[in-house]
>>> print(open('upload-v6.cif').read())   # mmCIF, C-alpha atoms and all ligand atoms
data_input
#
loop_
_atom_site.label_atom_id
_atom_site.label_comp_id
_atom_site.auth_asym_id
_atom_site.auth_seq_id
_atom_site.Cartn_x
_atom_site.Cartn_y
_atom_site.Cartn_z
CA MET A 178 6.05 -9.68 14.22
CA SER A 179 4.51 -7.64 17.04
CA ASP A 180 7.61 -5.45 17.28
CA PHE A 181 8.34 -3.94 13.87
CA LEU A 182 11.72 -2.42 14.67
CA GLY A 183 14.25 -3.62 12.08
CA LYS A 184 11.74 -5.97 10.45
CA ASP A 185 11.24 -6.60 6.74
CA ILE A 186 7.79 -6.19 5.16
CA LEU A 187 7.84 -8.82 2.42
CA SER A 188 4.44 -10.46 2.40
CA THR A 189 1.06 -10.13 4.07
CA LYS A 190 0.71 -13.89 4.39
CA GLY A 191 2.31 -14.17 7.80
CA MET A 192 1.03 -10.84 9.09
CA GLY A 193 -1.09 -11.25 12.22
CA LYS A 194 -4.28 -9.35 12.91
CA VAL A 195 -2.72 -7.56 15.88
CA ASP A 196 0.08 -6.32 13.64
CA LEU A 197 -2.41 -5.25 11.01
CA GLU A 198 -4.42 -3.30 13.58
CA LYS A 199 -1.25 -1.68 14.89
CA ILE A 200 -0.35 -0.51 11.36
CA MET A 201 -3.88 0.85 10.82
CA GLU A 202 -3.85 2.73 14.14
CA THR A 203 -0.41 4.16 13.41
CA ALA A 204 -1.53 5.22 9.92
CA ASP A 205 -4.44 7.08 11.53
CA GLU A 206 -1.95 8.96 13.72
CA PHE A 207 0.14 9.90 10.69
CA ALA A 208 -2.79 11.04 8.55
CA VAL A 209 -2.35 14.67 9.67
CA PHE A 210 1.17 14.67 8.22
CA ALA A 211 0.16 12.78 5.08
CA ASN A 212 -2.70 15.22 4.53
CA LYS A 213 -0.29 18.18 4.86
CA GLU A 214 -2.12 19.58 7.90
CA LYS A 215 1.01 19.36 10.09
CA SER A 216 4.70 18.84 9.49
CA SER A 217 7.03 16.45 11.27
CA ASP A 218 10.74 15.72 11.54
CA LEU A 219 10.29 12.34 13.17
CA LEU A 220 12.56 10.60 10.64
CA LYS A 221 15.14 13.39 10.38
CA GLY A 222 18.57 11.87 9.70
CA LYS A 223 17.10 8.64 8.30
CA VAL A 224 17.52 7.67 4.64
CA LEU A 225 15.17 5.62 2.48
CA ALA A 226 16.63 3.83 -0.57
CA SER A 227 13.85 3.74 -3.09
CA LEU A 228 14.84 1.02 -5.57
CA PHE A 229 12.36 0.68 -8.39
CA TYR A 230 13.56 -1.60 -11.18
CA GLU A 231 10.04 -1.75 -12.66
CA PRO A 232 7.83 1.24 -13.58
CA SER A 233 5.90 2.94 -10.78
CA THR A 234 4.20 6.25 -10.15
CA ARG A 235 2.18 5.79 -6.95
CA THR A 236 4.25 3.40 -4.89
CA ARG A 237 7.61 5.05 -5.47
CA LEU A 238 6.39 8.61 -5.04
CA SER A 239 4.18 7.66 -2.11
CA PHE A 240 7.12 6.08 -0.26
CA GLU A 241 9.30 9.06 -1.08
CA THR A 242 6.61 11.54 -0.01
CA ALA A 243 6.05 9.61 3.22
CA MET A 244 9.77 9.70 4.05
CA GLN A 245 10.27 13.35 3.16
CA ARG A 246 7.16 14.62 4.95
CA LEU A 247 8.46 12.95 8.09
CA GLY A 248 11.76 14.82 7.73
CA GLY A 249 13.78 11.93 6.30
CA SER A 250 15.63 11.85 3.00
CA VAL A 251 15.58 9.62 -0.04
CA ILE A 252 18.07 8.09 -2.46
CA THR A 253 16.49 6.54 -5.48
CA VAL A 254 16.93 4.23 -8.46
CA SER A 255 14.22 4.39 -11.08
CA GLY A 256 14.68 1.73 -13.78
CA ALA A 257 17.32 -1.02 -13.91
CA GLU A 258 19.11 0.59 -16.85
CA GLY A 259 20.44 3.40 -14.66
CA SER A 260 21.89 1.05 -12.05
CA SER A 261 24.64 -1.55 -11.91
CA LEU A 262 22.03 -4.30 -12.35
CA ALA A 263 22.41 -3.41 -16.04
CA LYS A 264 26.10 -4.40 -15.74
CA GLY A 265 25.19 -7.74 -14.21
CA GLU A 266 25.32 -6.98 -10.49
CA THR A 267 23.03 -9.25 -8.48
CA LEU A 268 20.20 -8.04 -6.28
CA ARG A 269 21.94 -9.60 -3.29
CA ASP A 270 25.12 -7.61 -3.91
CA THR A 271 23.02 -4.50 -4.48
CA ALA A 272 21.39 -5.04 -1.08
CA ARG A 273 24.77 -5.34 0.61
CA VAL A 274 25.87 -2.08 -1.01
CA ILE A 275 22.71 -0.12 -0.25
CA GLU A 276 22.76 -1.02 3.45
CA ASN A 277 25.83 1.20 3.73
CA PHE A 278 23.92 4.20 2.43
CA ALA A 279 20.39 3.88 3.76
CA ASP A 280 18.41 2.90 6.87
CA VAL A 281 15.56 1.18 5.05
CA MET A 282 14.92 0.15 1.44
CA ALA A 283 11.75 -0.20 -0.62
CA VAL A 284 12.24 -2.49 -3.61
CA ARG A 285 10.24 -3.20 -6.75
CA HIS A 286 11.49 -5.79 -9.22
CA SER A 287 9.97 -8.03 -11.87
CA LEU A 288 11.17 -11.25 -10.24
CA GLN A 289 8.90 -12.92 -7.70
CA GLY A 290 10.91 -13.36 -4.49
CA SER A 291 13.35 -10.54 -5.31
CA ALA A 292 12.64 -8.60 -2.10
CA ASP A 293 12.98 -11.79 -0.04
CA ASP A 294 16.32 -12.42 -1.71
CA MET A 295 17.60 -8.96 -0.84
CA ALA A 296 16.24 -9.18 2.71
CA GLU A 297 18.22 -12.36 3.31
CA VAL A 298 21.49 -10.45 3.08
CA ALA A 299 20.57 -6.83 3.88
CA GLY A 300 21.33 -5.49 7.33
CA ILE A 301 18.51 -2.95 7.10
CA PRO A 302 14.73 -3.47 6.73
CA VAL A 303 13.55 -4.34 3.22
CA ILE A 304 10.03 -3.43 2.16
CA ASN A 305 8.58 -5.27 -0.82
CA ALA A 306 7.09 -2.65 -3.15
CA GLY A 307 5.98 -5.29 -5.67
CA ASP A 308 7.84 -8.45 -6.76
CA GLY A 309 6.70 -9.57 -10.19
CA HIS A 310 3.40 -11.39 -9.95
CA GLY A 311 4.07 -12.24 -6.33
CA GLU A 312 2.92 -9.71 -3.75
CA HIS A 313 2.48 -6.00 -3.07
CA PRO A 314 2.02 -5.89 0.70
CA THR A 315 2.01 -2.12 1.23
CA GLN A 316 -0.70 -1.72 -1.42
CA ALA A 317 -2.82 -4.32 0.37
CA LEU A 318 -2.34 -2.52 3.68
CA LEU A 319 -3.55 0.75 2.21
CA ASP A 320 -6.42 -1.14 0.55
CA ILE A 321 -7.61 -2.56 3.88
CA TYR A 322 -7.19 0.88 5.45
CA THR A 323 -9.29 2.35 2.64
CA ILE A 324 -12.03 -0.30 2.89
CA ASN A 325 -12.33 0.39 6.61
CA LYS A 326 -12.46 4.16 6.07
CA GLU A 327 -14.97 3.96 3.23
CA ARG A 328 -17.31 1.37 4.75
CA GLY A 329 -16.63 1.84 8.49
CA ARG A 330 -15.75 -1.85 8.88
CA VAL A 331 -14.27 -4.82 7.06
CA ASP A 332 -16.14 -7.63 8.83
CA GLY A 333 -19.35 -8.66 7.14
CA LEU A 334 -18.53 -7.20 3.73
CA THR A 335 -18.81 -8.89 0.37
CA ILE A 336 -15.80 -7.93 -1.71
CA ALA A 337 -15.50 -8.62 -5.43
CA MET A 338 -12.04 -8.73 -6.97
CA VAL A 339 -12.25 -8.38 -10.73
CA GLY A 340 -9.80 -8.81 -13.59
CA ASP A 341 -6.33 -10.30 -13.71
CA LEU A 342 -6.24 -12.26 -10.47
CA LYS A 343 -3.43 -14.48 -11.73
CA TYR A 344 -0.74 -11.86 -12.26
CA GLY A 345 -2.22 -9.02 -10.18
CA ARG A 346 -0.01 -9.03 -7.10
CA THR A 347 -2.18 -6.58 -5.16
CA VAL A 348 -5.09 -9.03 -4.98
CA HIS A 349 -2.75 -11.76 -3.73
CA SER A 350 -1.61 -9.65 -0.79
CA LEU A 351 -5.11 -8.31 -0.17
CA SER A 352 -6.59 -11.82 -0.03
CA TYR A 353 -4.15 -12.80 2.72
CA LEU A 354 -5.18 -9.77 4.79
CA LEU A 355 -8.91 -10.20 4.19
CA ALA A 356 -8.63 -13.73 5.58
CA HIS A 357 -8.45 -12.10 9.04
CA PHE A 358 -12.03 -10.86 8.65
CA GLY A 359 -15.50 -12.28 8.28
CA VAL A 360 -15.78 -11.40 4.61
CA LYS A 361 -17.20 -13.06 1.53
CA LEU A 362 -15.03 -12.83 -1.58
CA ILE A 363 -16.22 -13.00 -5.18
CA LEU A 364 -13.26 -13.77 -7.44
CA VAL A 365 -14.14 -12.58 -10.93
CA SER A 366 -11.82 -13.39 -13.83
CA PRO A 367 -11.58 -15.33 -17.06
CA ASP A 368 -10.50 -18.88 -16.28
CA GLN A 369 -7.04 -18.19 -17.79
CA LEU A 370 -6.46 -15.38 -15.25
CA LYS A 371 -7.94 -16.95 -12.16
CA MET A 372 -6.59 -16.54 -8.63
CA PRO A 373 -3.63 -18.90 -8.02
CA ALA A 374 -4.48 -22.11 -6.15
CA GLU A 375 -1.98 -21.20 -3.43
CA ILE A 376 -4.26 -18.32 -2.46
CA THR A 377 -7.63 -20.03 -2.84
CA ASP A 378 -6.23 -22.95 -0.81
CA PHE A 379 -5.21 -20.46 1.88
CA LEU A 380 -8.70 -18.90 1.88
CA ALA A 381 -10.28 -22.35 2.17
CA GLU A 382 -7.96 -23.28 5.03
CA LYS A 383 -8.96 -20.06 6.84
CA LYS A 384 -12.63 -20.85 6.18
CA ILE A 385 -13.22 -17.70 4.16
CA GLU A 386 -16.30 -17.98 1.97
CA PHE A 387 -15.44 -17.34 -1.65
CA GLU A 388 -17.02 -17.78 -5.06
CA VAL A 389 -15.22 -18.04 -8.40
CA THR A 390 -17.01 -16.65 -11.44
CA GLU A 391 -16.50 -14.98 -14.82
CA ASN A 392 -19.59 -12.81 -14.41
CA MET A 393 -18.83 -9.26 -13.26
CA ASP A 394 -22.42 -7.99 -13.37
CA ASP A 395 -23.61 -10.68 -10.93
CA ALA A 396 -20.73 -9.85 -8.61
CA VAL A 397 -21.57 -6.13 -8.76
CA LYS A 398 -25.14 -6.90 -7.69
CA HIS A 399 -23.92 -8.45 -4.44
CA ALA A 400 -20.70 -6.62 -3.57
CA HIS A 401 -20.19 -3.87 -1.01
CA VAL A 402 -16.76 -3.27 -2.54
CA CYS A 403 -15.66 -3.90 -6.11
CA TYR A 404 -11.87 -4.03 -6.46
CA MET A 405 -11.00 -3.73 -10.15
CA THR A 406 -7.57 -4.66 -11.50
CA ARG A 407 -5.63 -4.04 -14.68
CA VAL A 408 -4.70 -6.93 -16.96
CA GLN A 409 -0.94 -7.07 -16.40
CA GLN A 410 0.38 -6.73 -19.93
CA GLU A 411 4.00 -6.98 -18.81
CA ARG A 412 3.50 -10.55 -17.51
CA PHE A 413 2.19 -12.01 -20.78
CA ASP A 414 4.58 -13.94 -23.05
CA ASP A 415 2.08 -13.82 -25.92
CA PRO A 416 0.87 -10.30 -26.92
CA ALA A 417 -2.20 -11.83 -28.63
CA GLU A 418 -3.24 -13.38 -25.33
CA TYR A 419 -3.04 -9.94 -23.66
CA GLU A 420 -5.12 -8.39 -26.47
CA ARG A 421 -7.76 -11.06 -25.89
CA PHE A 422 -8.18 -10.20 -22.23
CA LYS A 423 -7.33 -6.50 -21.90
CA ASN A 424 -10.94 -5.32 -22.26
CA PHE A 425 -12.60 -8.38 -20.77
CA TYR A 426 -14.13 -6.32 -17.95
CA VAL A 427 -15.09 -2.66 -18.12
CA LEU A 428 -16.95 -1.23 -15.13
CA THR A 429 -19.15 1.67 -16.21
CA LYS A 430 -21.35 4.18 -14.44
CA GLU A 431 -24.34 2.56 -16.18
CA ILE A 432 -23.55 -0.88 -14.73
CA ILE A 433 -23.08 0.55 -11.24
CA GLU A 434 -26.29 2.62 -11.37
CA LYS A 435 -28.25 -0.33 -12.74
CA TYR A 436 -27.11 -2.90 -10.22
CA ASN A 437 -25.58 -1.33 -7.12
CA SER A 438 -25.27 2.43 -6.75
CA LYS A 439 -24.06 2.15 -3.13
CA MET A 440 -21.00 0.10 -4.00
CA THR A 441 -17.47 1.26 -3.20
CA ILE A 442 -15.19 1.07 -6.24
CA MET A 443 -11.48 0.53 -5.73
CA HIS A 444 -8.48 0.00 -7.98
CA PRO A 445 -4.76 -0.05 -7.13
CA LEU A 446 -4.17 1.98 -10.34
CA PRO A 447 -2.98 2.56 -12.96
CA ARG A 448 -6.25 1.86 -14.76
CA ILE A 449 -6.10 1.31 -18.47
CA GLY A 450 -9.70 0.86 -19.57
CA GLU A 451 -11.28 -1.30 -16.89
CA ILE A 452 -13.06 1.58 -15.12
CA SER A 453 -14.81 4.11 -17.35
CA LEU A 454 -13.98 7.74 -16.74
CA ASN A 455 -17.65 8.46 -16.02
CA VAL A 456 -17.35 6.39 -12.81
CA ASP A 457 -14.98 8.98 -11.33
CA ASP A 458 -17.81 11.33 -10.33
CA LEU A 459 -19.70 8.71 -8.32
CA ASP A 460 -19.51 8.98 -4.52
CA GLY A 461 -18.38 5.36 -4.35
CA ALA A 462 -15.33 5.89 -6.57
CA ALA A 463 -12.60 5.53 -3.97
CA TYR A 464 -9.50 4.90 -6.09
CA PHE A 465 -7.98 8.35 -5.77
CA ARG A 466 -8.72 8.38 -2.03
CA GLN A 467 -6.87 5.05 -1.93
CA VAL A 468 -3.77 6.81 -3.30
CA LYS A 469 -4.03 9.48 -0.60
CA ASN A 470 -4.34 6.85 2.14
CA GLY A 471 -1.17 5.20 0.85
CA VAL A 472 1.01 8.01 2.16
CA ALA A 473 -0.25 7.65 5.75
CA VAL A 474 0.12 3.87 5.65
CA ARG A 475 3.66 4.08 4.27
CA MET A 476 4.57 6.73 6.85
CA ALA A 477 3.39 4.30 9.52
CA LEU A 478 5.44 1.43 8.10
CA LEU A 479 8.61 3.49 7.72
CA ALA A 480 8.31 4.89 11.25
CA MET A 481 7.59 1.44 12.69
CA VAL A 482 10.47 -0.43 11.06
CA LEU A 483 12.80 2.43 12.02
CA GLY A 484 11.66 2.24 15.64
CA LYS A 485 10.03 5.68 15.67
CA ALA A 486 6.39 4.71 16.16
N1 LIG B 1 -0.57 0.69 -7.26
C1 LIG B 1 0.67 0.69 -7.79
O1 LIG B 1 1.49 -0.19 -7.48
O2 LIG B 1 0.91 1.70 -8.64
P1 LIG B 1 2.33 2.04 -9.31
O3 LIG B 1 2.66 0.88 -10.24
O4 LIG B 1 2.18 3.33 -10.00
O5 LIG B 1 3.35 2.08 -8.19
#
>>> encode(input="upload-v6.cif", output="structure tokens", more="lines below")
Ligand code: CP
Amino acid sequence: MSDFLGKDILSTKGMGKVDLEKIMETADEFAVFANKEKSSDLLKGKVLASLFYEPSTRTRLSFETAMQRLGGSVITVSGAEGSSLAKGETLRDTARVIENFADVMAVRHSLQGSADDMAEVAGIPVINAGDGHGEHPTQALLDIYTINKERGRVDGLTIAMVGDLKYGRTVHSLSYLLAHFGVKLILVSPDQLKMPAEITDFLAEKKIEFEVTENMDDAVKHAHVCYMTRVQQERFDDPAEYERFKNFYVLTKEIIEKYNSKMTIMHPLPRIGEISLNVDDLDGAAYFRQVKNGVAVRMALLAMVLGKA
């Protein structure tokens, strides 16, 4: 996938390191537009279909901002109830319709594999903006970009991922990307929400050192980066099970100051209660900078798949 023109972005699993570096370099070039320092009409005349059948604030608006700040335009669906999916239309038929209107589509849907399904029939690039508990590749790309910006490198870091590693799609995609680097991973979750075997098997195959634990405080002591995640309420069949786990981990300013005040704290957001508000003032709290970086990364991806970068 060294040439991105016309390509789908569905997963980070098959993404090579050269491709990853190319995306990071291109995001750096677009940062001036994302940061509103300069304007651009690079994507003038191009249309993004922003198809979000599950709730989103960051990803949808970040894609739409990226497209519009590069001079392109956006058509959007927000929620399945306002679209013909509610009348029984399939995602595959939707893809074949949308390709007539847009040049690229970003899709979020609750079904794992939904973006792959649409990409099979769409004649335009499909970008997976989150497929159920599967993957969230563009989030992982902005996460890697953020880690590199915050720490000056990715190699050699110890990175703790904490929370719902079973249903949290961002940590799935991020794990695949981190496997390109000499990192150590600490996978912190209750046993019932542990990282799927498919991903730990992949890490083992790539000879990435990782540790599985329930103990967040121990992980905080050793981590350069702590990547917190929300317990994904919408994936639980049993509400009581969600209630049991929703406050399992809460990262506070007191924990950070006690164990590791130099740690970088990340979160794909939204946070519910897993990072205390008093963490926000710490220098290491990077989660709102992560959001900002997302625009530059998504600008890069849009420009690349449309052959403009
Ligand atoms: N990080 C993320 O996917 O946020 P949204 O659900 O708001 O898009």
>>> residues_around(input="upload-v6.cif", residues="Val408 in chain A", least_positions_apart="6", cutoff="9 Å", atoms="all atoms listed in the file", output="list in words")
Gly340, Asp341, Leu342, Tyr344, Gly345, Leu370, Tyr419, Phe422, Lys423, Asn424, Phe425, Ile449 and Glu451 of chain A
>>> atom_distance(input="upload-v6.cif", atom1="CA of Phe229 in chain A", atom2="CA of His286 in chain A")
6.6 Å
>>> closest_residue(input="upload-v6.cif", among="A:Leu478, A:Leu318, A:Leu483, A:Leu262", to="ligand LIG 1 (chain B)", atoms="only C-alpha atoms and all ligand atoms")
A:Leu318
>>> residues_near_ligand(input="upload-v6.cif", ligand="ligand LIG 1 (chain B)", cutoff="7 Å", atoms="all atoms listed in the file", output="PyMOL selection string")
chain A and resi 232-237+316+445-447
>>> residues_around(input="upload-v6.cif", residues="Asp293 in chain A", least_positions_apart="6", cutoff="12 Å", atoms="only C-alpha atoms", output="CSV table (one decimal) with C-alpha atoms, keeping the file's coordinate frame")
chain,number,residue,atom,x,y,z
A,185,ASP,CA,11.2,-6.6,6.7
A,186,ILE,CA,7.8,-6.2,5.2
A,187,LEU,CA,7.8,-8.8,2.4
A,188,SER,CA,4.4,-10.5,2.4
A,268,LEU,CA,20.2,-8.0,-6.3
A,269,ARG,CA,21.9,-9.6,-3.3
A,272,ALA,CA,21.4,-5.0,-1.1
A,283,ALA,CA,11.8,-0.2,-0.6
A,284,VAL,CA,12.2,-2.5,-3.6
A,285,ARG,CA,10.2,-3.2,-6.8
A,286,HIS,CA,11.5,-5.8,-9.2
A,299,ALA,CA,20.6,-6.8,3.9
A,302,PRO,CA,14.7,-3.5,6.7
A,303,VAL,CA,13.6,-4.3,3.2
A,304,ILE,CA,10.0,-3.4,2.2
A,305,ASN,CA,8.6,-5.3,-0.8
A,306,ALA,CA,7.1,-2.6,-3.2
A,307,GLY,CA,6.0,-5.3,-5.7
A,308,ASP,CA,7.8,-8.4,-6.8
A,311,GLY,CA,4.1,-12.2,-6.3
A,312,GLU,CA,2.9,-9.7,-3.8
>>> closest_residue(input="upload-v6.cif", among="A:Asn325, A:Gly183, A:Gly461, A:Ala257", to="Ala296 in chain A", atoms="all atoms listed in the file")
A:Gly183
>>> closest_residue(input="upload-v6.cif", among="A:Asn437, A:Gln410, A:Val339, A:Glu420", to="Thr390 in chain A", atoms="all atoms listed in the file")
A:Val339
>>> atom_distance(input="upload-v6.cif", atom1="CA of Lys213 in chain A", atom2="CA of Met201 in chain A")
18.7 Å
>>> atom_distance(input="upload-v6.cif", atom1="CA of Val360 in chain A", atom2="CA of Phe465 in chain A")
23.6 Å
>>> axis_aligned_box(input="upload-v6.cif", around="range 453-468 of chain A", padding_each_side="4 Å", output="AutoDock Vina command-line options")
--center_x -11.7 --center_y 7.7 --center_z -9.6 --size_x 23.9 --size_y 15.2 --size_z 23.4
>>> decode(input="upload-v6.cif", residues="range 315-336 of chain A", atoms="N, CA and C atoms", output="PDB file, in the first residue's frame")
ATOM      1  N   THR A 315      -8.010   5.279  11.904  1.00  0.00           N
ATOM      2  CA  THR A 315      -7.565   6.686  11.855  1.00  0.00           C
ATOM      3  C   THR A 315      -7.280   7.213  13.257  1.00  0.00           C
ATOM      4  N   GLN A 316      -8.000   6.684  14.257  1.00  0.00           N
ATOM      5  CA  GLN A 316      -7.697   7.058  15.641  1.00  0.00           C
ATOM      6  C   GLN A 316      -6.298   6.568  16.019  1.00  0.00           C
ATOM      7  N   ALA A 317      -5.987   5.335  15.618  1.00  0.00           N
ATOM      8  CA  ALA A 317      -4.663   4.782  15.959  1.00  0.00           C
ATOM      9  C   ALA A 317      -3.548   5.569  15.277  1.00  0.00           C
ATOM     10  N   LEU A 318      -3.809   6.021  14.059  1.00  0.00           N
ATOM     11  CA  LEU A 318      -2.787   6.822  13.362  1.00  0.00           C
ATOM     12  C   LEU A 318      -2.546   8.136  14.087  1.00  0.00           C
ATOM     13  N   LEU A 319      -3.620   8.765  14.548  1.00  0.00           N
ATOM     14  CA  LEU A 319      -3.415  10.033  15.271  1.00  0.00           C
ATOM     15  C   LEU A 319      -2.818   9.764  16.657  1.00  0.00           C
ATOM     16  N   ASP A 320      -3.063   8.582  17.190  1.00  0.00           N
ATOM     17  CA  ASP A 320      -2.463   8.224  18.485  1.00  0.00           C
ATOM     18  C   ASP A 320      -0.942   8.059  18.354  1.00  0.00           C
ATOM     19  N   ILE A 321      -0.517   7.369  17.316  1.00  0.00           N
ATOM     20  CA  ILE A 321       0.929   7.194  17.082  1.00  0.00           C
ATOM     21  C   ILE A 321       1.578   8.561  16.822  1.00  0.00           C
ATOM     22  N   TYR A 322       0.894   9.359  16.028  1.00  0.00           N
ATOM     23  CA  TYR A 322       1.387  10.714  15.719  1.00  0.00           C
ATOM     24  C   TYR A 322       1.552  11.509  17.016  1.00  0.00           C
ATOM     25  N   THR A 323       0.569  11.367  17.906  1.00  0.00           N
ATOM     26  CA  THR A 323       0.602  12.095  19.182  1.00  0.00           C
ATOM     27  C   THR A 323       1.724  11.572  20.085  1.00  0.00           C
ATOM     28  N   ILE A 324       1.878  10.254  20.156  1.00  0.00           N
ATOM     29  CA  ILE A 324       2.943   9.687  20.997  1.00  0.00           C
ATOM     30  C   ILE A 324       4.290  10.234  20.535  1.00  0.00           C
ATOM     31  N   ASN A 325       4.501  10.233  19.237  1.00  0.00           N
ATOM     32  CA  ASN A 325       5.772  10.718  18.690  1.00  0.00           C
ATOM     33  C   ASN A 325       5.980  12.203  18.986  1.00  0.00           C
ATOM     34  N   LYS A 326       4.918  12.978  18.885  1.00  0.00           N
ATOM     35  CA  LYS A 326       5.035  14.421  19.169  1.00  0.00           C
ATOM     36  C   LYS A 326       5.275  14.682  20.658  1.00  0.00           C
ATOM     37  N   GLU A 327       4.593  13.930  21.492  1.00  0.00           N
ATOM     38  CA  GLU A 327       4.689  14.167  22.941  1.00  0.00           C
ATOM     39  C   GLU A 327       6.020  13.689  23.512  1.00  0.00           C
ATOM     40  N   ARG A 328       6.503  12.532  23.002  1.00  0.00           N
ATOM     41  CA  ARG A 328       7.679  11.897  23.602  1.00  0.00           C
ATOM     42  C   ARG A 328       8.917  12.018  22.725  1.00  0.00           C
ATOM     43  N   GLY A 329       8.746  12.494  21.472  1.00  0.00           N
ATOM     44  CA  GLY A 329       9.884  12.645  20.562  1.00  0.00           C
ATOM     45  C   GLY A 329      10.324  11.352  19.905  1.00  0.00           C
ATOM     46  N   ARG A 330       9.660  10.253  20.200  1.00  0.00           N
ATOM     47  CA  ARG A 330       9.992   8.945  19.631  1.00  0.00           C
ATOM     48  C   ARG A 330       8.887   7.968  20.015  1.00  0.00           C
ATOM     49  N   VAL A 331       8.892   6.818  19.358  1.00  0.00           N
ATOM     50  CA  VAL A 331       8.012   5.722  19.778  1.00  0.00           C
ATOM     51  C   VAL A 331       8.875   4.543  20.251  1.00  0.00           C
ATOM     52  N   ASP A 332       9.961   4.310  19.537  1.00  0.00           N
ATOM     53  CA  ASP A 332      10.881   3.226  19.922  1.00  0.00           C
ATOM     54  C   ASP A 332      11.347   3.395  21.366  1.00  0.00           C
ATOM     55  N   GLY A 333      11.396   2.288  22.063  1.00  0.00           N
ATOM     56  CA  GLY A 333      11.949   2.298  23.416  1.00  0.00           C
ATOM     57  C   GLY A 333      10.957   2.669  24.509  1.00  0.00           C
ATOM     58  N   LEU A 334       9.725   2.967  24.135  1.00  0.00           N
ATOM     59  CA  LEU A 334       8.748   3.389  25.146  1.00  0.00           C
ATOM     60  C   LEU A 334       8.007   2.194  25.751  1.00  0.00           C
ATOM     61  N   THR A 335       7.616   2.369  26.992  1.00  0.00           N
ATOM     62  CA  THR A 335       6.686   1.433  27.638  1.00  0.00           C
ATOM     63  C   THR A 335       5.320   2.091  27.633  1.00  0.00           C
ATOM     64  N   ILE A 336       4.363   1.398  27.039  1.00  0.00           N
ATOM     65  CA  ILE A 336       3.031   1.988  26.855  1.00  0.00           C
ATOM     66  C   ILE A 336       1.994   1.098  27.540  1.00  0.00           C
TER      67      ILE A 336
END
